[in-house]
Amino acid sequence: MLRRTILSALLAALALAPAVTMAADTPGVTATEIKIGNTNPYSGPASAYGTIGKALGAYFKKVNEEGGINGRKINYVTYDDAYSPPKTVEMVRKLVEQDQVALLFQTLGTPTNTAIHKYMNQQKVPHIFVATGATKWNDPKNHAWTMGWQPNYQTEGRIYANYILKNVPDAKIGILYQNDDYGKDYRKGLHDGLGEAAAKKMIVMEQTYEVTDPTIDSQIVNLKNSGANVFFNVTIPKFAVQAIKKAHDIGWKPLHLLNNVSSSLGTTLKPAGLEASKGLITALYMKEITDPQWKNDKGYLDWVAWMKKYYPEGALDDQANAYAYSVAQTLVQVLKQCGNDLSRENIMKQAASLKNLELPLLLPGIKINTSATDFAPIEQEQLARFDGERWVLFGELYDAAKR
Amino acid sequence: MEIFFQQVVSGLATGGIYGSVALALVMIYQATDVVNYAQGEMAMFSTYIAWTLINAGVPYWWAFFGTLVISFVGGVLLERVIIRPVESAPILTIVIVCIGLLVILNSVAGWIYSYIQKPFPSPFPPKPIMLGTVVFGAHDLGAIGVTLVVLALLYAFFRFTTLGLAMRAAAQNPVSSRLCGIRVGWMLAIGWGLAAMVGAVAGMMVAPIVFLDPNMMAGILIYAFASATLGGFTSPGGAVVGGLIVGVIENLVGTYVHFIGTELKLTVALALILIVLVFKPSGLFGRATIHRV
């Protein structure tokens, strides 16, 4: 009898064993906790983005209060890297080697993520939903442990090219772009989208700026003088407001294509002046939270309620807080799909198995899909024109995966 | 040729910005003999104070002068509380304290006002002035005008008032000044107050162009250093002229010298600092200072 009890107890233990060992095998995962690492610029030149890191923490607080994911609470560890790649390397090594996180989530910035790209893939630690739109994060063949989230900049560049070819046959295009990977990705997207012959014929001037430049007035003057009737504006909000205002002030009225990076009403258009912003065209994938058309939308109202409860010090007119909310929801979905198998392999596998995931703050109709060969979660965007008050969506949803 | 003139005009406009910040740098150097790396952030902070006042419904010019008073008091307090304890420490200590102040002011501004950029009103009409095909921004011209007025006031202050003379004496020869009955400590504090005021003017003139955010001054400060070095750290007029020269050179080189282009504009400013320091350390208009060692 005793033997039988022991035997059955042993059998029961064996049956449970796989789940237990699996959890114990992955650093940062216990029966009650999943440890997640992150770096964000809480200080330094890009500190405006620091709110993303804080909002992520606020979202995980909500998840934990509601019982966590499959019984596990999220332990979110985030460090300041000041947007400085060497510091990112230092902090990420600390996260992986000392803090023993299960995965790295939403590390922010193109140069910073570039610095840890190789390391993460050598260590085989999930490096997912990075906060940058560079194209290189979608490379499952060579970098199977890294994945982006937002539509990449090249795709967006191609959307504008598509629009120009269809609507402005006599286009003379002037480009202003930031002189780094981010700006060059957009530029390449536009060039590729136009095709070699059209690009050569249509692009009349390209100007760059450095993040350290105080103003871009000189570049705008040159672009106006080139006779361009299409202005492709690839700038971060700080310079986008200057460009919009300066073009307006000197009476230059081209078809103004503004990159999604700076499409926020709160951070760009309102400071630049709504009158000067009239007629701007951009490509969107998220609901713009300061846009009055969403003020009764359920997704928006839920977001506001969450902000007020969990992140009251965060700004309600900062799109970055809506971005953080959405990307955190994507991670929660991945972890839910993992079930009890939180091995690093399975986390990557589930991140690459998202099917038609819709999020409350993405534009209606946009679905997140990933696969073993597709590490680009959001690939749909829609063009919108600013009418002086709100972004008016037009045309159909552009789907990069279908082209 | 039109593009040439337009670039010169645009260069003068940005040069005016550099000049006004450079003026604040020179001001504090003259009054206290230290280079204040936190000057840009102090100006940024003052501008936020003005923004707060304007948003509370205070008319522009009231807010403008109110900010000057608050900045003056703030500058004096900074000197009394933070600089005073390290006054006689080696220069490196003061430099590091200033850099610490820079980081603190930047973060505090971000904490209070967030990093979202804000439009800042200009007291000048929004309509640009056309001269042939060349466009002048009314604010750009106005800002240069304001900088020149500040310059004239400073010149008069340091040259013709007892207080101004006492301050110069206190900065250049503390020991003798003290023996003459000048309260050196307070002179330094007033110097910080005045520099904070000049910085506030610069901030309020810059913000309508580059928009107000906590990192507004980061790029400008480097060019302001180039301007002050070019004009001479001992010459307020030189700082303003230096600013205008840097602004114009930067634009013309960026437009016409293709291997430099817009990519190496900052390098031009840094190279300028280096060249001036090597060949004429006192700058174009500065006096060579001789220290007995």
# chains A, B, ... in the order shown; residues from 1 in each chain; ligands from 1

$ select_by_dssp --residues "stretch 78-201 of chain A" --states "strand (DSSP E or B)" --output "VMD selection string"
chain A and resid 78 to 80 103 to 105 108 127 to 128 131 146 to 147 173 to 178

$ interface_residues --of "chain B" --to "chain A" --cutoff "6 Å" --atoms "only C-alpha atoms" --output "number ranges by chain"
B: 115-116, 118-119, 219-220, 262

$ residues_around --residues "stretch 29-41 of chain A" --least-positions-apart "3" --cutoff "8 Å" --atoms "only C-alpha atoms" --output "number ranges by chain"
A: 20, 23-26, 44, 46-50, 52-53, 71-83, 88, 91-92, 95-96, 100-108, 342

$ write_last_selection --atoms "C-alpha atoms" --output "CSV table (one decimal), in the first residue's frame"
chain,number,residue,atom,x,y,z
A,20,VAL,CA,8.5,22.6,-13.6
A,23,ALA,CA,10.2,27.0,-16.1
A,24,ALA,CA,13.3,26.5,-14.0
A,25,ASP,CA,15.4,26.1,-17.1
A,26,THR,CA,14.8,29.6,-18.4
A,44,GLY,CA,20.1,62.7,-22.5
A,46,ALA,CA,16.3,61.5,-26.5
A,47,SER,CA,14.7,61.7,-23.1
A,48,ALA,CA,11.4,62.7,-24.6
A,49,TYR,CA,11.0,59.0,-25.4
A,50,GLY,CA,11.7,58.0,-21.8
A,52,ILE,CA,7.6,54.9,-23.2
A,53,GLY,CA,9.7,53.0,-20.6
A,71,GLY,CA,-0.4,32.9,-12.8
A,72,ARG,CA,2.9,34.6,-13.3
A,73,LYS,CA,3.6,38.3,-12.4
A,74,ILE,CA,5.7,40.4,-14.7
A,75,ASN,CA,8.9,41.7,-13.1
A,76,TYR,CA,9.9,44.6,-15.3
A,77,VAL,CA,13.5,45.8,-15.0
A,78,THR,CA,14.3,48.9,-16.9
A,79,TYR,CA,17.6,50.9,-17.1
A,80,ASP,CA,18.6,54.3,-18.4
A,81,ASP,CA,20.9,54.1,-21.4
A,82,ALA,CA,20.7,57.9,-22.2
A,83,TYR,CA,20.4,56.9,-25.9
A,88,THR,CA,23.1,50.3,-23.9
A,91,MET,CA,23.1,47.9,-19.3
A,92,VAL,CA,22.0,45.0,-21.6
A,95,LEU,CA,20.3,42.6,-17.7
A,96,VAL,CA,21.2,39.4,-19.4
A,100,GLN,CA,19.1,37.0,-15.7
A,101,VAL,CA,16.1,38.3,-17.5
A,102,ALA,CA,14.0,35.9,-19.6
A,103,LEU,CA,13.8,38.3,-22.5
A,104,LEU,CA,14.5,41.9,-23.6
A,105,PHE,CA,11.5,43.9,-24.7
A,106,GLN,CA,11.2,47.3,-26.4
A,107,THR,CA,14.8,48.5,-26.0
A,108,LEU,CA,14.6,51.9,-27.6
A,342,LEU,CA,8.4,29.9,-21.2

$ select_by_dssp --residues "stretch 19-266 of chain A" --states "helix (DSSP H, G or I)" --output "PyMOL selection string"
chain A and resi 19-25+47-65+85-98+110-123+135-137+153-167+181-194+196-202+217-225+237-249+260-262+265-266

$ residues_around --residues "B:Leu252" --least-positions-apart "3" --cutoff "8 Å" --atoms "only C-alpha atoms" --output "list in words"
Phe4, Gln7, Val8, Val248, Ile249, Thr255, Tyr256 and Val257 of chain B

$ residues_around --residues "A:Ala322" --least-positions-apart "2" --cutoff "9 Å" --atoms "only C-alpha atoms" --output "list of chain:residue names"
A:Ile52, A:Ala55, A:Met286, A:Lys287, A:Glu288, A:Ile289, A:Tyr300, A:Trp303, A:Leu316, A:Asp318, A:Gln319, A:Ala320, A:Ala324, A:Tyr325, A:Ser326, A:Val327, A:Leu361

$ residues_around --residues "A:Lys349" --least-positions-apart "5" --cutoff "9 Å" --atoms "only C-alpha atoms" --output "compact mmCIF listing (two decimals) with N, CA and C atoms, in the first residue's frame"
# COMPACT_ATOMS: atom_id res chain seq x y z
N CYS A 338 2.31 31.53 -24.85
CA CYS A 338 3.37 30.63 -24.42
C CYS A 338 2.85 29.57 -23.45
N ARG A 344 13.05 30.18 -23.83
CA ARG A 344 13.33 31.27 -24.76
C ARG A 344 12.94 30.90 -26.18
N SER A 371 5.28 35.33 -38.69
CA SER A 371 5.51 33.91 -38.95
C SER A 371 7.00 33.66 -38.86
N ALA A 372 7.40 32.42 -39.04
CA ALA A 372 8.81 32.09 -38.93
C ALA A 372 9.66 32.85 -39.95

$ residues_around --residues "B:Met167" --least-positions-apart "2" --cutoff "6 Å" --atoms "only C-alpha atoms" --output "PyMOL selection string"
chain B and resi 31+164-165+169-170+187

$ write_last_selection --atoms "all heavy atoms" --output "PDB file, in the first residue's frame"
ATOM      1  N   ALA B  31      32.045  88.905 -15.649  1.00  0.00           N
ATOM      2  CA  ALA B  31      31.642  89.280 -14.300  1.00  0.00           C
ATOM      3  C   ALA B  31      32.215  88.356 -13.240  1.00  0.00           C
ATOM      4  O   ALA B  31      32.352  88.745 -12.091  1.00  0.00           O
ATOM      5  CB  ALA B  31      30.121  89.312 -14.202  1.00  0.00           C
ATOM      6  N   GLY B 164      28.992  98.500 -12.259  1.00  0.00           N
ATOM      7  CA  GLY B 164      29.595  97.757 -13.361  1.00  0.00           C
ATOM      8  C   GLY B 164      31.109  97.710 -13.235  1.00  0.00           C
ATOM      9  O   GLY B 164      31.734  96.654 -13.395  1.00  0.00           O
ATOM     10  N   LEU B 165      31.687  98.853 -12.928  1.00  0.00           N
ATOM     11  CA  LEU B 165      33.147  98.904 -12.777  1.00  0.00           C
ATOM     12  C   LEU B 165      33.593  98.030 -11.607  1.00  0.00           C
ATOM     13  O   LEU B 165      34.574  97.287 -11.700  1.00  0.00           O
ATOM     14  CB  LEU B 165      33.593 100.348 -12.556  1.00  0.00           C
ATOM     15  CG  LEU B 165      33.515 101.231 -13.808  1.00  0.00           C
ATOM     16  CD1 LEU B 165      33.763 102.693 -13.432  1.00  0.00           C
ATOM     17  CD2 LEU B 165      34.533 100.772 -14.848  1.00  0.00           C
ATOM     18  N   ALA B 169      36.152  94.850 -11.692  1.00  0.00           N
ATOM     19  CA  ALA B 169      37.317  94.803 -10.811  1.00  0.00           C
ATOM     20  C   ALA B 169      37.303  93.521  -9.972  1.00  0.00           C
ATOM     21  O   ALA B 169      38.313  92.831  -9.842  1.00  0.00           O
ATOM     22  CB  ALA B 169      37.316  96.031  -9.906  1.00  0.00           C
ATOM     23  N   ALA B 170      36.128  93.204  -9.439  1.00  0.00           N
ATOM     24  CA  ALA B 170      36.016  92.032  -8.565  1.00  0.00           C
ATOM     25  C   ALA B 170      36.362  90.751  -9.322  1.00  0.00           C
ATOM     26  O   ALA B 170      36.974  89.836  -8.773  1.00  0.00           O
ATOM     27  CB  ALA B 170      34.603  91.941  -8.000  1.00  0.00           C
ATOM     28  N   MET B 187      29.459  90.872  -5.637  1.00  0.00           N
ATOM     29  CA  MET B 187      29.657  91.250  -7.046  1.00  0.00           C
ATOM     30  C   MET B 187      29.511  90.002  -7.927  1.00  0.00           C
ATOM     31  O   MET B 187      28.888  90.038  -8.982  1.00  0.00           O
ATOM     32  CB  MET B 187      31.042  91.861  -7.251  1.00  0.00           C
ATOM     33  CG  MET B 187      31.217  93.223  -6.612  1.00  0.00           C
ATOM     34  SD  MET B 187      30.011  94.401  -7.201  1.00  0.00           S
ATOM     35  CE  MET B 187      29.218  94.853  -5.688  1.00  0.00           C
TER      36      MET B 187
END

$ closest_residue --among "A:Ser84, A:Asn121, A:Gln333, A:Gln350" --to "A:Gly68" --atoms "only C-alpha atoms"
A:Gln333

$ closest_residue --among "B:Ser46, B:Asn251, B:Ser107, B:Gln30" --to "B:Val69" --atoms "only C-alpha atoms"
B:Ser46

$ atom_distance --atom1 "atom CA of B:Val149" --atom2 "atom CA of B:Met205"
12.8 Å

$ closest_residue --among "B:Gly199, B:Pro208, B:Gly185, B:Gly242" --to "B:Ile273" --atoms "only C-alpha atoms"
B:Gly242

$ closest_residue --among "A:Ile220, A:Glu389, A:Lys61, A:Pro169" --to "B:Ser10" --atoms "only C-alpha atoms"
A:Ile220
